[in-house]
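Worksheet: one structure, shown below.
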Amino acid sequence: MAEENFDLVVIGAGPGGYVAAIRAAQLGMRVACIDKQYLGGTCLNVGCIPSKAWLDASHKLYQAKHKFKEIGIQVADVRADVTAMAARKDKVVQQNTAGVGYLFKKNKVETIMGAARIASPASVAVKLNAGGERTLNAKRILVATGSAPIRIKSLPFDGKHIINSDHAVNLTEAPKKMVVVGAGVIGVEIGSVWSRLGTEVLVIEFMDRILPGMDREMTSALQRLLEKQGLKFKLKAAAESAKVEAGRVKLAWASGDEKAVEDCDKVLVAVGRRPFTESLGLAEAGVQTDPKGFVKVDGKYQTNVPGIYAIGDVIGGLMLAHKAEEEGVAAAELMAGKAGHVNYHACPNVVYTHPELAQVGYTEEDAQKAGHEVRVGKFPFSANGRARCMDDTDGLVKIVGDAKTDRLLGVHVLGPEASDLIAEAVVAVEFAASCEDVARSFHAHPTLAEAIKEAALGVEKRSIHI
């Protein structure tokens, strides 16, 4: 078994791990990055990237069917070629994963494909996919192994009828009926994809709302819009069991005294994600985890064992690719004696349905719980000139400000291109802007971003165009 010395060994080549590896290499460290399956992790292979390829394709189909005629484009016999969509999705994934490999070569990060186990606080044993083993001696070890779909005993995955998000992005034909268990981001996004591709979709959610954790007013508005598109929601309901009979799934659910059985082709279980730490040897190395299995770290992303660090989904918090990336950069910089830092309050969250929903900072409810007296400004896209030109006027911008200091507390965008529009708000929150700062800043005309300016003006009830 060959032994080699590294300044940093990263376990996991997802967004957190590969970004940390690249940044550490930029800072002069000799770095190896290990993954047992693929470069890019869940995000690039079965998460963010493939799901957005599906969302984009299905949205274009929806536009062709329902919007093109309105704007003067005549098309005939518009239909989905789901097999071709799946092939394009695979191509997009391959391009992105190949990009990670190129970046590793460019930055002299050694790629190792295999199953890693922490042998000691200063060494990692790797069972190579190609056969054999390697031992890597490391001054530091960074765990960035991400997360996996939560499993429910009463709804066991079989990969064909009862599926998780990994399986859902690899479907090659549209089911006639799908039941989605869980109305979080994953369930709502994937549900909207297959709804637009002709599947009857029912979403069952245990809570009394979709997208818990986001602004209630905005999620209620999004739910109404998705219902207009054909999705159905059953809230305050629990999926109790599922049986596969003759190629069909019988899903039993209950809501109070109401009970029913749904007959469907697919059940997508999307009730959240769990830290992926199997076979890493964390317990044997003495690394502490919380009751849910998340790795405990300090302000520098170091565990209780000196030399072993962790970032991303495996440490909990917002389980988002860009959050893991920022933690990866900060962890590498802190290891190098620099001032790495992550401002979690300025981390955006996006739901890539159509319209999109994006937010940063406090929700109105959370701002009030934090002790703020709030003022709210709103502006509908129906009053925005560019949105009218695009024939895409559903949704609104909502800005939450502090009534005493005018501090910008939160920005929420439900509408076209919300995932891009939120970037302005992220910068404003990062720099502790006031609502007045945003309201007095130039916004080019005609643009969707003018809705943000108008909502900021609305905090003091001086919007111009409503």
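Identifiers in this document derive from the order of the structure tokens: chains are assigned A, B, ..., residues are numbered from 1 separately in each chain, and ligands are numbered from 1 in order of occurrence.
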Find the spatial neighbours of Gly182 in chain A, counting only C-alpha atoms, within a cut-off of 6 Å - ignore same-chain residues fewer than 6 positions away - and output them as an mmCIF file with C-alpha atoms, in the first residue's frame.
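The resulting file, around06.cif, is shown below:
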```cif
data_model
loop_
_atom_site.group_PDB
_atom_site.id
_atom_site.type_symbol
_atom_site.label_atom_id
_atom_site.label_comp_id
_atom_site.auth_asym_id
_atom_site.auth_seq_id
_atom_site.Cartn_x
_atom_site.Cartn_y
_atom_site.Cartn_z
ATOM 1 C CA ILE A 204 -48.668 15.466 0.064
ATOM 2 C CA GLU A 205 -47.202 17.581 2.867
ATOM 3 C CA ALA A 270 -38.779 14.032 -0.904
ATOM 4 C CA VAL A 271 -38.904 14.638 2.846
#
```
Subject >> Those of range 377-410 of chain A in DSSP alpha helix (DSSP H), formatted as a PyMOL selection string >> reply: chain A and resi 385-389
Original post:
Neighbours of range 414-417 of chain A within 9 Å (only C-alpha atoms; same-chain residues fewer than 5 positions away dropped), as a list in words?
Top reply: Met218, Thr219, Ala221, Leu222, His354, Pro355, Glu356, Leu357, Ala358, Gln359, Pro380, Phe381, Ala387, Asp392, Thr393, Asp394, Gly395, Leu396, Val397, Lys398, Ile422 and Leu448 of chain A
Which residues, written as a PDB file with C-alpha atoms, in the first residue's frame, have at least one atom at most 12 Å from range 50-57 of chain A, with only C-alpha atoms counted and residues fewer than 6 positions away on the same chain left out?
```
ATOM      1  CA  GLY A  40     -19.286  17.173  -8.799  1.00  0.00           C
ATOM      2  CA  GLY A  41     -21.139  15.172  -6.178  1.00  0.00           C
ATOM      3  CA  THR A  42     -24.924  15.108  -5.881  1.00  0.00           C
ATOM      4  CA  CYS A  43     -25.264  18.663  -7.216  1.00  0.00           C
ATOM      5  CA  LEU A  44     -23.717  18.148 -10.635  1.00  0.00           C
ATOM      6  CA  GLN A  63     -44.317  28.314 -22.928  1.00  0.00           C
ATOM      7  CA  ALA A  64     -44.676  26.818 -26.397  1.00  0.00           C
ATOM      8  CA  ARG A  79     -45.070  17.785 -27.804  1.00  0.00           C
ATOM      9  CA  ALA A  80     -42.450  16.543 -25.419  1.00  0.00           C
ATOM     10  CA  ASP A  81     -39.710  14.124 -26.436  1.00  0.00           C
ATOM     11  CA  VAL A  82     -38.823  13.049 -22.914  1.00  0.00           C
ATOM     12  CA  THR A  83     -36.126  10.664 -24.114  1.00  0.00           C
ATOM     13  CA  ALA A  84     -34.362  13.508 -25.926  1.00  0.00           C
ATOM     14  CA  MET A  85     -34.745  15.744 -22.872  1.00  0.00           C
ATOM     15  CA  ALA A  86     -33.132  13.044 -20.740  1.00  0.00           C
ATOM     16  CA  ALA A  87     -30.259  12.698 -23.216  1.00  0.00           C
ATOM     17  CA  ARG A  88     -29.661  16.455 -23.191  1.00  0.00           C
ATOM     18  CA  LYS A  89     -29.705  16.384 -19.381  1.00  0.00           C
ATOM     19  CA  ASP A  90     -27.011  13.719 -19.440  1.00  0.00           C
ATOM     20  CA  LYS A  91     -24.918  15.832 -21.817  1.00  0.00           C
ATOM     21  CA  VAL A  92     -25.197  18.872 -19.539  1.00  0.00           C
ATOM     22  CA  VAL A  93     -24.138  16.772 -16.544  1.00  0.00           C
ATOM     23  CA  GLN A  94     -21.148  15.373 -18.449  1.00  0.00           C
ATOM     24  CA  GLN A  95     -20.020  18.848 -19.471  1.00  0.00           C
ATOM     25  CA  ASN A  96     -20.142  20.083 -15.897  1.00  0.00           C
ATOM     26  CA  THR A  97     -18.366  17.103 -14.355  1.00  0.00           C
ATOM     27  CA  SER A 165     -34.741  12.613  -6.125  1.00  0.00           C
ATOM     28  CA  ASP A 166     -31.688  10.763  -7.491  1.00  0.00           C
ATOM     29  CA  HIS A 167     -34.006   8.393  -9.335  1.00  0.00           C
ATOM     30  CA  ALA A 168     -36.443  11.135 -10.397  1.00  0.00           C
ATOM     31  CA  VAL A 169     -33.909  13.103 -12.446  1.00  0.00           C
ATOM     32  CA  ASN A 170     -33.028   9.924 -14.352  1.00  0.00           C
ATOM     33  CA  LEU A 171     -36.537   9.043 -15.519  1.00  0.00           C
ATOM     34  CA  THR A 172     -36.813   8.685 -19.284  1.00  0.00           C
ATOM     35  CA  ALA A 174     -43.365  10.774 -18.063  1.00  0.00           C
ATOM     36  CA  VAL A 185     -37.871  22.580  -2.542  1.00  0.00           C
ATOM     37  CA  ILE A 186     -37.053  19.198  -4.118  1.00  0.00           C
ATOM     38  CA  GLY A 187     -40.635  17.939  -4.099  1.00  0.00           C
ATOM     39  CA  VAL A 188     -42.098  21.139  -5.526  1.00  0.00           C
ATOM     40  CA  GLU A 189     -39.439  21.511  -8.228  1.00  0.00           C
ATOM     41  CA  ILE A 190     -39.561  17.929  -9.467  1.00  0.00           C
ATOM     42  CA  GLY A 191     -43.333  17.857  -9.172  1.00  0.00           C
ATOM     43  CA  SER A 192     -43.569  20.931 -11.396  1.00  0.00           C
ATOM     44  CA  VAL A 193     -41.274  19.332 -14.008  1.00  0.00           C
ATOM     45  CA  TRP A 194     -43.413  16.260 -14.471  1.00  0.00           C
ATOM     46  CA  SER A 195     -46.647  18.214 -14.256  1.00  0.00           C
ATOM     47  CA  ARG A 196     -45.520  20.322 -17.209  1.00  0.00           C
ATOM     48  CA  LEU A 197     -44.604  17.140 -19.071  1.00  0.00           C
ATOM     49  CA  VAL A 350     -34.123  29.678  -4.466  1.00  0.00           C
ATOM     50  CA  VAL A 351     -36.991  27.494  -5.673  1.00  0.00           C
ATOM     51  CA  TYR A 352     -36.621  26.959  -9.432  1.00  0.00           C
ATOM     52  CA  THR A 353     -40.267  26.484 -10.344  1.00  0.00           C
ATOM     53  CA  HIS A 354     -41.919  28.951 -12.686  1.00  0.00           C
ATOM     54  CA  PRO A 355     -42.334  31.530 -11.453  1.00  0.00           C
ATOM     55  CA  GLU A 356     -39.189  31.205  -9.377  1.00  0.00           C
ATOM     56  CA  GLU A 417     -35.744  35.256 -13.252  1.00  0.00           C
ATOM     57  CA  SER A 419     -32.828  33.444  -9.075  1.00  0.00           C
TER      58      SER A 419
END
```
Original post:
What separation in Å, quoted to one decimal, exists between CA of Leu235 in chain A and CA of Ala254 in chain A?
Top reply: 10.3 Å
Original post:
Got a sec: who's within 9 Å of Ala321 in chain A, counting only C-alpha atoms, leaving out chain neighbours fewer than 2 positions off, as a ChimeraX atom specification?
Top reply: /A:14-16,43,48,312-313,319,323-326
**OP:** Name the residues in contact with range 450-464 of chain A at a cut-off of 8 Å, using only C-alpha atoms, excluding same-chain residues fewer than 5 positions from it; report them as JSON, numbers by chain.
**Re:** {"A": [375, 376, 377, 378, 379, 380, 381, 384, 396, 397, 398, 399, 400, 401, 435, 436, 438, 439, 440, 441, 443, 444, 445]}
Go ahead and dump the residues you just picked, N, CA and C atoms, as a compact mmCIF listing (two decimals), in the first residue's frame.
```
# COMPACT_ATOMS: atom_id res chain seq x y z
N ARG A 375 -41.48 47.07 8.61
CA ARG A 375 -42.29 47.70 7.57
C ARG A 375 -42.04 46.92 6.29
N VAL A 376 -43.08 46.74 5.51
CA VAL A 376 -43.00 45.92 4.32
C VAL A 376 -43.37 46.72 3.08
N GLY A 377 -42.57 46.57 2.03
CA GLY A 377 -42.89 47.14 0.74
C GLY A 377 -43.09 46.03 -0.27
N LYS A 378 -44.10 46.20 -1.15
CA LYS A 378 -44.39 45.18 -2.15
C LYS A 378 -44.59 45.83 -3.50
N PHE A 379 -44.27 45.08 -4.55
CA PHE A 379 -44.53 45.56 -5.90
C PHE A 379 -44.80 44.36 -6.80
N PRO A 380 -45.95 44.37 -7.52
CA PRO A 380 -46.30 43.23 -8.37
C PRO A 380 -45.63 43.32 -9.74
N PHE A 381 -45.26 42.16 -10.29
CA PHE A 381 -44.69 42.16 -11.64
C PHE A 381 -45.72 42.55 -12.69
N ASN A 384 -44.91 45.91 -13.84
CA ASN A 384 -43.54 46.11 -14.34
C ASN A 384 -43.53 46.02 -15.86
N LEU A 396 -44.53 38.84 -7.36
CA LEU A 396 -44.27 40.14 -6.76
C LEU A 396 -42.92 40.13 -6.07
N VAL A 397 -42.47 41.34 -5.71
CA VAL A 397 -41.30 41.51 -4.85
C VAL A 397 -41.78 42.00 -3.50
N LYS A 398 -41.22 41.43 -2.45
CA LYS A 398 -41.56 41.84 -1.08
C LYS A 398 -40.28 42.15 -0.34
N ILE A 399 -40.21 43.35 0.22
CA ILE A 399 -39.04 43.76 0.99
C ILE A 399 -39.44 44.02 2.43
N VAL A 400 -38.66 43.45 3.34
CA VAL A 400 -38.90 43.60 4.77
C VAL A 400 -37.82 44.52 5.33
N GLY A 401 -38.25 45.63 5.95
CA GLY A 401 -37.31 46.57 6.53
C GLY A 401 -37.58 46.82 8.00
N CYS A 435 -33.19 50.17 3.25
CA CYS A 435 -34.18 50.12 2.17
C CYS A 435 -34.04 51.35 1.29
N GLU A 436 -33.72 52.48 1.90
CA GLU A 436 -33.52 53.73 1.16
C GLU A 436 -32.35 53.61 0.17
N VAL A 438 -31.41 50.97 -1.48
CA VAL A 438 -31.89 50.24 -2.66
C VAL A 438 -32.85 51.11 -3.46
N ALA A 439 -33.72 51.83 -2.75
CA ALA A 439 -34.73 52.65 -3.42
C ALA A 439 -34.12 53.78 -4.23
N ARG A 440 -32.99 54.33 -3.80
CA ARG A 440 -32.37 55.46 -4.49
C ARG A 440 -31.30 55.03 -5.51
N SER A 441 -31.03 53.74 -5.60
CA SER A 441 -30.05 53.25 -6.57
C SER A 441 -30.67 53.17 -7.96
N HIS A 443 -31.78 51.77 -11.40
CA HIS A 443 -32.16 50.49 -11.98
C HIS A 443 -32.55 50.76 -13.43
N ALA A 444 -31.86 50.13 -14.35
CA ALA A 444 -32.10 50.40 -15.77
C ALA A 444 -33.55 50.12 -16.14
N HIS A 445 -34.04 50.89 -17.13
CA HIS A 445 -35.41 50.74 -17.60
C HIS A 445 -35.39 50.36 -19.08
```
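Candidate residues A:Leu202, A:Ala418, A:Leu136, A:Leu142 were compared for distance to Ala332 in chain A, and the nearest is A:Leu142, using only C-alpha atoms.
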Subject >> Asp265 in chain A surroundings by only C-alpha atoms, 8 Å radius, close-in-sequence under 3 positions cut, as a ChimeraX atom specification >> reply: /A:161,175-178,247-249
Subject >> Pairwise distance for CA of Lys139 in chain A and CA of Leu103 in chain A, rounded to one decimal in Å >> reply: 22.9 Å
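When only C-alpha atoms are used to measure the gap to Ser154 in chain A, the shortest distance among A:Phe104, A:Tyr62, A:Trp253, A:Phe206 belongs to A:Trp253.
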